[in-house]
Amino acid sequence: MRALVLAERQPDIPLSELLAEKPDVVLCLGDLDGRSLRALRNFGGPKLGVYGDRCRAAYFDTLQIADLHGQVWDVGGISFSGLEGAPRYKTVGDHLHGEEEAAATLAELPRTDVFIAHAPPFGINDEPATLARRGYRALRAHLEAKPPAMLLHSHTEPAVPVVSVGGIEVRCVSGHAWVELPAATA
């Protein structure tokens with residue numbers, strides 16, 4: 001299954017052209033805006049996403065994007081779950097969560113084939129010295145307890161955007177990426 005993954009910024013190629021390549025699923029990893037995603041209205045396939053820490057308006061309903069925060073969805077036999085936002089680094093923000101809150105959300109989720117998140121797990125593709133760019137400790141614990149085949153995230157800019165950690169493919173996306181999703185295993 002081929003996914004068009006969108007995150008952080010508008011793609012360098014017009015979204016309508018990317019959608020013309022007929023992805024099987026579109027995944028949104030946050031810090032996007034509804035205006036730049038308008039072409040998704042005409043895409044009839046599945047659209048799943050999580051909001052980022054800088055998302056200012058709720059646009060998923062308008063664009064018919066399923067919000068995966070704390071949810072599980074199945075697309076073509078592949079299971080997906082997700083976690084929005086980033087660890088709380090300031091007092092105000094719609095999609096910022098304390099570690100205990102993130103852990104409670106993740107505790108309800110089963111193991112899935114693909115996990116999508118805005119922020120990375122702590123210690124993997126994050127920038128722990130920068131408060132706004134550190135990863136979720138709760139997500140790291142979730143990955144160790146219920147490892148997906150693949151984790152897709154945005155929020156940071158690691159020197160090596162695709163790594164393997166404990167058999168999990170961890171991929172950071174900024175702009176857009178075409179990703180071949182793993183076969184169903186969960």
# chains A, B, ... in the order shown; residues from 1 in each chain; ligands from 1

call {"tool": "select_by_dssp", "arguments": {"residues": "segment 68-139 of chain A", "states": "strand (DSSP E)", "output": "PyMOL selection string"}}
result
chain A and resi 72-75+78-83+86-87+96-97+114-117

call {"tool": "select_by_dssp", "arguments": {"residues": "segment 73-166 of chain A", "states": "alpha helix (DSSP H)", "output": "PyMOL selection string"}}
result
chain A and resi 99-107+137-145

call {"tool": "write_last_selection", "arguments": {"atoms": "N, CA and C atoms", "output": "tab-separated table (two decimals), in the first residue's frame"}}
result
chain	number	residue	atom	x	y	z
A	99	GLU	N	3.36	14.37	29.74
A	99	GLU	CA	3.71	12.95	29.56
A	99	GLU	C	2.65	12.02	30.15
A	100	GLU	N	2.07	12.39	31.29
A	100	GLU	CA	1.04	11.54	31.89
A	100	GLU	C	-0.19	11.47	31.00
A	101	GLU	N	-0.58	12.59	30.43
A	101	GLU	CA	-1.73	12.62	29.52
A	101	GLU	C	-1.45	11.78	28.27
A	102	ALA	N	-0.26	11.92	27.70
A	102	ALA	CA	0.11	11.13	26.53
A	102	ALA	C	0.12	9.64	26.89
A	103	ALA	N	0.67	9.29	28.04
A	103	ALA	CA	0.72	7.89	28.47
A	103	ALA	C	-0.68	7.31	28.62
A	104	ALA	N	-1.61	8.10	29.17
A	104	ALA	CA	-2.99	7.63	29.32
A	104	ALA	C	-3.64	7.39	27.96
A	105	THR	N	-3.40	8.28	27.01
A	105	THR	CA	-3.94	8.10	25.65
A	105	THR	C	-3.36	6.84	25.02
A	106	LEU	N	-2.07	6.66	25.13
A	106	LEU	CA	-1.39	5.51	24.52
A	106	LEU	C	-1.75	4.19	25.18
A	107	ALA	N	-2.05	4.21	26.48
A	107	ALA	CA	-2.38	2.98	27.20
A	107	ALA	C	-3.63	2.31	26.63
A	137	ARG	N	8.40	10.80	25.89
A	137	ARG	CA	8.87	9.61	26.62
A	137	ARG	C	7.78	8.54	26.60
A	138	ALA	N	6.53	8.97	26.72
A	138	ALA	CA	5.41	8.02	26.72
A	138	ALA	C	5.33	7.28	25.39
A	139	LEU	N	5.63	7.95	24.29
A	139	LEU	CA	5.60	7.30	22.98
A	139	LEU	C	6.74	6.29	22.88
A	140	ARG	N	7.90	6.61	23.42
A	140	ARG	CA	9.03	5.67	23.41
A	140	ARG	C	8.64	4.40	24.16
A	141	ALA	N	8.01	4.55	25.32
A	141	ALA	CA	7.58	3.39	26.11
A	141	ALA	C	6.53	2.58	25.35
A	142	HIS	N	5.62	3.27	24.67
A	142	HIS	CA	4.59	2.59	23.88
A	142	HIS	C	5.23	1.75	22.76
A	143	LEU	N	6.21	2.32	22.08
A	143	LEU	CA	6.88	1.60	21.00
A	143	LEU	C	7.59	0.36	21.50
A	144	GLU	N	8.16	0.45	22.68
A	144	GLU	CA	8.85	-0.70	23.25
A	144	GLU	C	7.87	-1.78	23.69
A	145	ALA	N	6.70	-1.37	24.19
A	145	ALA	CA	5.71	-2.33	24.68
A	145	ALA	C	4.85	-2.91	23.55

call {"tool": "residues_around", "arguments": {"residues": "Met150 of chain A", "least_positions_apart": "2", "cutoff": "9 Å", "atoms": "only C-alpha atoms", "output": "list of chain:residue names"}}
result
A:Asp113, A:Val114, A:Phe115, A:Ile116, A:Pro147, A:Pro148, A:Leu152, A:Gly167, A:Ile168, A:Glu169, A:Val170, A:Arg171, A:Leu181, A:Pro182

call {"tool": "residues_around", "arguments": {"residues": "segment 23-27 of chain A", "least_positions_apart": "2", "cutoff": "10 Å", "atoms": "only C-alpha atoms", "output": "ChimeraX atom specification"}}
result
/A:1-7,18-21,29-30,40,43-50,65-66,68,75-76,116,152,176-181

call {"tool": "residues_around", "arguments": {"residues": "Arg133 of chain A", "least_positions_apart": "2", "cutoff": "9 Å", "atoms": "only C-alpha atoms", "output": "PyMOL selection string"}}
result
chain A and resi 86-87+89+119-120+126-131+135+155-156

call {"tool": "closest_residue", "arguments": {"among": "A:Glu84, A:Ala184, A:Lys90, A:Thr112", "to": "Tyr136 of chain A", "atoms": "only C-alpha atoms"}}
result
A:Glu84

call {"tool": "residues_around", "arguments": {"residues": "Pro11 of chain A", "least_positions_apart": "3", "cutoff": "7 Å", "atoms": "only C-alpha atoms", "output": "PDB file with N, CA, C and O atoms, in the first residue's frame"}}
result
ATOM      1  N   PRO A  14       2.578  20.848  -6.312  1.00  0.00           N
ATOM      2  CA  PRO A  14       1.168  21.102  -5.979  1.00  0.00           C
ATOM      3  C   PRO A  14       0.454  19.816  -5.529  1.00  0.00           C
ATOM      4  O   PRO A  14       0.639  18.748  -6.130  1.00  0.00           O
ATOM      5  N   LEU A  15      -0.339  19.933  -4.494  1.00  0.00           N
ATOM      6  CA  LEU A  15      -1.021  18.778  -3.922  1.00  0.00           C
ATOM      7  C   LEU A  15      -1.904  18.086  -4.960  1.00  0.00           C
ATOM      8  O   LEU A  15      -1.982  16.848  -4.988  1.00  0.00           O
ATOM      9  N   GLY A 175       7.223  18.281   4.548  1.00  0.00           N
ATOM     10  CA  GLY A 175       6.750  18.530   3.192  1.00  0.00           C
ATOM     11  C   GLY A 175       5.891  17.365   2.761  1.00  0.00           C
ATOM     12  O   GLY A 175       4.771  17.209   3.220  1.00  0.00           O
ATOM     13  N   HIS A 176       6.435  16.505   1.902  1.00  0.00           N
ATOM     14  CA  HIS A 176       5.707  15.297   1.517  1.00  0.00           C
ATOM     15  C   HIS A 176       6.678  14.159   1.268  1.00  0.00           C
ATOM     16  O   HIS A 176       7.863  14.375   1.012  1.00  0.00           O
TER      17      HIS A 176
END

call {"tool": "closest_residue", "arguments": {"among": "A:Ser79, A:Arg134, A:Asn125, A:Cys55", "to": "Val162 of chain A", "atoms": "only C-alpha atoms"}}
result
A:Asn125

call {"tool": "closest_residue", "arguments": {"among": "A:Ile124, A:Leu63, A:Leu109, A:Cys28", "to": "Val173 of chain A", "atoms": "only C-alpha atoms"}}
result
A:Cys28

call {"tool": "residues_around", "arguments": {"residues": "Val92 of chain A", "least_positions_apart": "3", "cutoff": "12 Å", "atoms": "only C-alpha atoms", "output": "PDB file with N, CA and C atoms, in the first residue's frame"}}
result
ATOM      1  N   ASP A  53       1.678  20.591  16.888  1.00  0.00           N
ATOM      2  CA  ASP A  53       1.665  21.567  17.978  1.00  0.00           C
ATOM      3  C   ASP A  53       1.393  22.989  17.498  1.00  0.00           C
ATOM      4  N   ARG A  54       1.550  23.254  16.214  1.00  0.00           N
ATOM      5  CA  ARG A  54       1.287  24.594  15.691  1.00  0.00           C
ATOM      6  C   ARG A  54       0.010  24.686  14.868  1.00  0.00           C
ATOM      7  N   ARG A  56      -3.531  25.654  14.245  1.00  0.00           N
ATOM      8  CA  ARG A  56      -4.334  26.680  14.900  1.00  0.00           C
ATOM      9  C   ARG A  56      -5.830  26.496  14.687  1.00  0.00           C
ATOM     10  N   ARG A  88       4.336  18.984  26.202  1.00  0.00           N
ATOM     11  CA  ARG A  88       4.084  20.373  26.615  1.00  0.00           C
ATOM     12  C   ARG A  88       5.397  21.108  26.860  1.00  0.00           C
ATOM     13  N   TYR A  89       5.580  22.221  26.120  1.00  0.00           N
ATOM     14  CA  TYR A  89       6.771  23.055  26.295  1.00  0.00           C
ATOM     15  C   TYR A  89       6.402  24.507  26.587  1.00  0.00           C
ATOM     16  N   HIS A  95      -2.573  21.480  21.162  1.00  0.00           N
ATOM     17  CA  HIS A  95      -2.111  20.126  20.878  1.00  0.00           C
ATOM     18  C   HIS A  95      -0.785  19.825  21.570  1.00  0.00           C
ATOM     19  N   LEU A  96      -0.674  20.306  22.804  1.00  0.00           N
ATOM     20  CA  LEU A  96       0.480  20.035  23.653  1.00  0.00           C
ATOM     21  C   LEU A  96       0.001  19.187  24.821  1.00  0.00           C
ATOM     22  N   HIS A  97       0.741  18.130  25.138  1.00  0.00           N
ATOM     23  CA  HIS A  97       0.291  17.211  26.180  1.00  0.00           C
ATOM     24  C   HIS A  97       1.413  16.914  27.153  1.00  0.00           C
TER      25      HIS A  97
END
